[in-house]
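Chemist: A single structure is presented below for examination.
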Amino acid sequence: MRLAQLSIYPLGEPRHGGQLRGAALRDFYRAQGIEVHGLAAMHEDAYRNERRGEDIALPAAWPGWRADLPRFADLQSGACLASEAGAWRRFKAWLDALQPDVIALEQPWLWPAVERWLDARPAQAARPRLVYSSQNIEWRLKRDEVDARQPAQRQAIAEVEALERSLARQADLLIACTDADLAALRDMAGEHAARARFITAPNAIAPFQASPQRAAAMRKRLGRTHWPLFVGSAHPPNASGFWDMLAPSLAFLRPDEQIIVAGGVSHLIRGDRRYQDWSGINEPRLALLGEVTREELSALLYGASVIVLPITTGGGSNLKTAEAIYTGRPVLATPHALRGYGHAGQWPTVHVADTAADFRRVLRDLMDRPPAAEPPAYAAIRARVTWDRTLAALDGTIAALTAAEGAATGPR
Amino acid sequence: MSRLYIDLTTSVRWRRPPVGIVRVEREFARYCLEHEPGSVFCEVDGGGIYRALSARQVREVLDDAWCKAPTAAAPTPVPQAGAPTAPTRTRMQRFFDWLAWWGPRLVPAAVWPLLQDLGRVLVAHHGAWLRHREARRAAAAAAPAATTPTTSPPTPAANDGAIAPGPDDLFFSIGLQWHHGAIHAWRLKRKTGVRVIEACFDTIPIDYPEYAGSARQTFAEHFTLIAHTANMVFAISNTSAEDLRGFYERVGVLRQPPIRTVYLATPDVQADAPIAALDDAERGALAQAGTGFALYVSTFETRKNHRLLLQVWKDLYRERGAACPLLVVVGMFGWGVNDLREEMQASEVFTAGHILMLHDVSDALLGHLYRQCAFTVFPSFYEGWGLAATESLAYGKLALVSDVPALREATQGLCPAMHPLDFPAWRGQIATWLDDAPAREAAEARIRASYVPRHWRDFARDLLAAARSLA
């Protein structure tokens with residue numbers, strides 16, 4: 001069985017959440033004995049060093065890129081692939097040659113191109129099954145991220161919603177990160193929902209450890225034995241969430257205490273107005289490390305006195321949450337950060353605060369405690385946030401799709 | 001009984017006539033030197049270590065002559081037996097002198113300010129090193145005479161001069177700590193557990209950054225730092241105490257330290273200084289001022305609202321011409337007032353001699369100016385206290401003040417207060433009090449009968465009592 005996995009980012013060296021989830025699904029499919037062929041289509045300036053031979057660099061000269069809508073480059077990527085002559089020709093040729101049994105879309109963005117390919121096939125051709133692997137309810141996420149009062153932004157959000165709705169009504173299998181997202185997808189699928197399968201597969205992680213040498217090197221580098229840690233990518237809501245929960249300032253930290261910030265979000269922390277309001281207080285209480293290697297990140301996570309998850313917006317579930325829980329270190333999270341992880345708020349290492357005042361107070365309290373040992377029998381909890389566990393619900397579903405003749409029907 | 005440790009870093013490094021905060025540290029230290037035997041005085045060194053000063057050094061620093069010295073390098077070297085007692089410069093100090101003279105001639109103009117800054121740091125550290133060396137030698141010389149008890153009580157300083165307070169002791173850190181680094185007191189507390197007393201004079205750089213250059217963030221961090229350090233913060237007024245509490249709430253400090261108001265002393269009245277004791281320039285200034293003028297004693301800066309007085313005096317001059325009374329403005333030039341100074345000096349009322357600006361005024365001359373003025377004015381936009389207004393009352397002179405909370409507090413409700421932007425009110429009040437001598441005399445009589453001045457010993461006693469009342 002051949003499966004075409006489509007995304008707007010390469011999966012060869014996964015770093016950010018979308019890549020990690022796509023790569024985990026790819027590995028899972030392969031472990032199921034499925035022949036997986038991946039293709040990514042992205043703006044030619046993106047992921048330059050990560051592209052593989054079959055990936056498609058969408059030309060910057062295409063007139064549909066909107067400089068006034070930078071947060072909708074993903075939406076525009078799908079439109080470009082479906083309409084730009086050169087890109088479309090390569091995409092069609094790849095699918096024609098592959099003749100996949102299943103097409104799995106990581107997020108909905110490339111659906112316009114897939115839909116065009118499906119429509120262009122001969123009527124008698126076998127119809128591939130369609131998997132929509134959702135990571136968010138994208139239109140809601142966009143609505144939260146941009147100024148939806150602007151007509152252009154509003155129009156773009158409506159286009160995203162239409163795209164998601166269209167794919168939800170065509171997919172044979174819909175995978176969501178959370179039960180809430182799954183319910184939204186089911187709602188968008190309308191009457192088609194009765195003919196499709198819906199599965200929740202929360203985000204998770206691959207097991208990881210910190211080597212003693214790396215941990216010692218990190219302690220030496222930071223000049224301390226434990227630290228509060230915040231990890232995030234250069235995704236603007238990550239920085240907003242940090243200040244949503246820690247503003248008005250970091251004055252609750254003592255002069256020798258710092259929150260260690262790792263990842264691309266380091267570059268956004270100082271750009272927030274709430275940092276600047278009290279920069280004299282905030283600056284000495286932050287250590288902004290920027291991007292770190294996987295090994296460094298592991299050392300940071302396992303050495304943390306508390307890992308903060310100040311996530312306040314966005315759909316899907318957060319890989320950082322799984323990563324934090326996996327370490328067995330104390331975790332301070334917003335309720336939003338725990339979406340998709342069931343009753344994680346009741347797990348022994350997890351502390352929940354839903355207001356900024358509580359978040360700061362609980363963080364202070366956790367930092368005042370002596371270093372916490374891992375709770376007994378933590379292995380069982382740790383296992384709940386691994387891909388092996390969260391993707392188990394998908395076991396056999398792809399094979400079942402192709403085996404069930406006519407399980408999904410509809411105009412193509 | 002707990003031992004007192006007093007950080008004298010500000011006083012050690014201040015070699016000019018003392019401003020308010022410097023005076024507070026000096027006067028408190030003087031009181032402790034006289035009345036609190038066993039007190040330890042110290043200075044923070046370049047490595048952030050508090051080192052004890054010798055008794056001779058403390059007396060030298062607290063002497064009035066210390067604030068009249070022309071250079072900011074170091075106290076006079078230790079007199080050697082048989083050596084002349086006239087101050088001499090060490091080789092290193094002479095090297096700095098040489099650099100100060102030749103530097104501007106040898107390096108590009110753009111680089112010189114940076115080198116000057118570096119030089120100041122080096123000079124300060126070199127001065128501190130000399131003092132610590134002397135203190136070490138003095139301690140070593142005294143050591144053989146001392147007997148070492150088998151169960152030794154906490155010692156004020158180790159052999160290297162580093163102070164070693166205990167958890168029951170009190171450490172007073174009440175000078176210009178944002179310059180020297182309040183972090184050192186925090187580290188000392190963490191290391192020794194000593195109870196630390198910090199100061200809040202005002203939060204103006206935070207609440208009114210437009211009047212304080214770019215100091216807002218520096219002060220925000222300073223006050224945050226002392227929130228984590230202090231067992232008690234003393235505020236110089238209820239206004240400053242409330243402002244500090246408000247700041248802590250705004251930035252989310254979770255545990256505020258106790259904040260106690262301890263009023264400052266009223267400046268000493270120079271009652272008996274003879275005019276003959278003034279130098280020629282001061283006698284000339286006093287003669288130029290004459291009598292019956294309005295006096296404003298304040299740093300010349302935007303917050304002090306000299307502009308309002310300029311407008312009032314322009315108006316008075318338009319109305320009265322040569323009969324316009326004199327306004328005497330006393331104080332050093334501050335930040336952000338170049339335009340105002342030019343405007344003032346170009347105005348007709350100024351060129352006609354109805355505004356007199358005086359700088360570097362001695363306490364003796366200031367005393368004469370207070371005695372000879374008709375009344376004083378204080379139209380500041382905001383204050384943490386208002387020392388000059390209390391000084392005016394101490395001389396028995398009426399002060400017209402702006403109606404900001406601290407000035408009402410400082411003047412004990414004895415003075416007319418107006419909004420600092422209410423030109424008609426100020427214009428009217430100034431004209432009325434200038435013209436109505438009987439009313440002035442009645443007001444002065446009321447002040448003499450009602451105003452309760454404070455002495456520095458009152459301040460020191462109250463501060464010590466507040467600190468010792470800590471649980």
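Note on naming: chains are A, B, ... as they come in the structure tokens, residues start from 1 per chain, ligands start from 1 in the order shown.
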Please return, as a list in words, all residues of chain A lying within 6 Å of chain B when only C-alpha atoms are considered.
Modeler: Pro248, Ser249, Ala251, Phe252, Gly280 and Ile281 of chain A
Chemist: Env of range 364-378 of chain A: 8 Å cut, atoms = only C-alpha atoms, seq-sep filter 2 positions within chain, self excluded. Answer as a PyMOL selection string.
Modeler: chain A and resi 226+228+252-253+305-306+328-330+348-349+360-362+380-382
Chemist: For Val308 in chain A, please output as a list in words all residues within 8 Å (counting only C-alpha atoms; exclusion window: fewer than 6 positions along the same chain).
Modeler: Pro228, Leu229, Phe230, Val331, Leu332 and Ala333 of chain A
Chemist: One decimal, Å: what's the distance from CA of Asp144 in chain A over to CA of Ala189 in chain A, could you say?
Modeler: 22.4 Å
Chemist: Do a neighbour search on Val44 in chain B at 8 Å with only C-alpha atoms, toss out local chain neighbours closer than 3 positions, and write the hits as a PyMOL selection string.
Modeler: chain B and resi 7+9+47-51+180+184
Chemist: For the selection you just gave me, I'd like the residues written to a file as a tab-separated table (two decimals), in the first residue's frame, keeping N, CA, C and O atoms.
Modeler:
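After the write, out-v9.tsv holds the following:
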```tsv
chain	number	residue	atom	x	y	z
B	7	ASP	N	26.44	51.41	56.10
B	7	ASP	CA	27.12	51.52	54.81
B	7	ASP	C	27.38	53.00	54.54
B	7	ASP	O	26.45	53.79	54.37
B	9	THR	N	29.28	54.13	52.02
B	9	THR	CA	29.87	54.24	50.67
B	9	THR	C	29.54	55.58	50.02
B	9	THR	O	30.41	56.24	49.43
B	47	GLY	N	34.80	44.57	44.44
B	47	GLY	CA	34.33	43.20	44.33
B	47	GLY	C	33.00	42.97	45.02
B	47	GLY	O	32.54	41.84	45.12
B	48	GLY	N	32.39	44.04	45.50
B	48	GLY	CA	31.09	43.91	46.15
B	48	GLY	C	31.18	43.47	47.60
B	48	GLY	O	30.18	43.06	48.18
B	49	ILE	N	32.37	43.54	48.20
B	49	ILE	CA	32.54	43.14	49.60
B	49	ILE	C	32.51	44.40	50.47
B	49	ILE	O	33.19	45.39	50.17
B	50	TYR	N	31.73	44.34	51.52
B	50	TYR	CA	31.70	45.46	52.46
B	50	TYR	C	32.90	45.33	53.41
B	50	TYR	O	33.05	44.31	54.07
B	51	ARG	N	33.69	46.37	53.45
B	51	ARG	CA	34.87	46.33	54.31
B	51	ARG	C	34.78	47.47	55.32
B	51	ARG	O	34.38	48.59	54.99
B	180	HIS	N	25.77	52.60	43.75
B	180	HIS	CA	26.79	51.66	44.20
B	180	HIS	C	26.38	50.21	44.00
B	180	HIS	O	27.21	49.33	44.00
B	184	HIS	N	24.67	44.39	46.46
B	184	HIS	CA	25.69	43.98	47.43
B	184	HIS	C	25.06	43.73	48.81
B	184	HIS	O	25.45	42.80	49.51
```
Chemist: From a DSSP calculation on the backbone, collect every residue of range 175-327 of chain B in strand (DSSP E or B) and output the set as an NGL selection string.
Modeler: :B and (195-200 or 232-235 or 259-261 or 294-297 or 300 or 327)
Chemist: Point out the residue among A:Ala403, A:Ile8, A:Ala82, A:Leu300 with the least atom-to-atom distance to Trp62 in chain A, counting only C-alpha atoms.
Modeler: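 Using only C-alpha atoms, the shortest distance to Trp62 in chain A belongs to A:Ala82.
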Chemist: Would you mind listing what lies within 8 Å of Pro128 in chain A as a PyMOL selection string, with only C-alpha atoms counted and same-chain residues fewer than 5 positions away left out?
Modeler: chain A and resi 100-103
Chemist: Range 127-210 of chain A: which residues are alpha helix (DSSP H) by DSSP, as a PyMOL selection string?
Modeler: chain A and resi 138-145+151-168+179-189
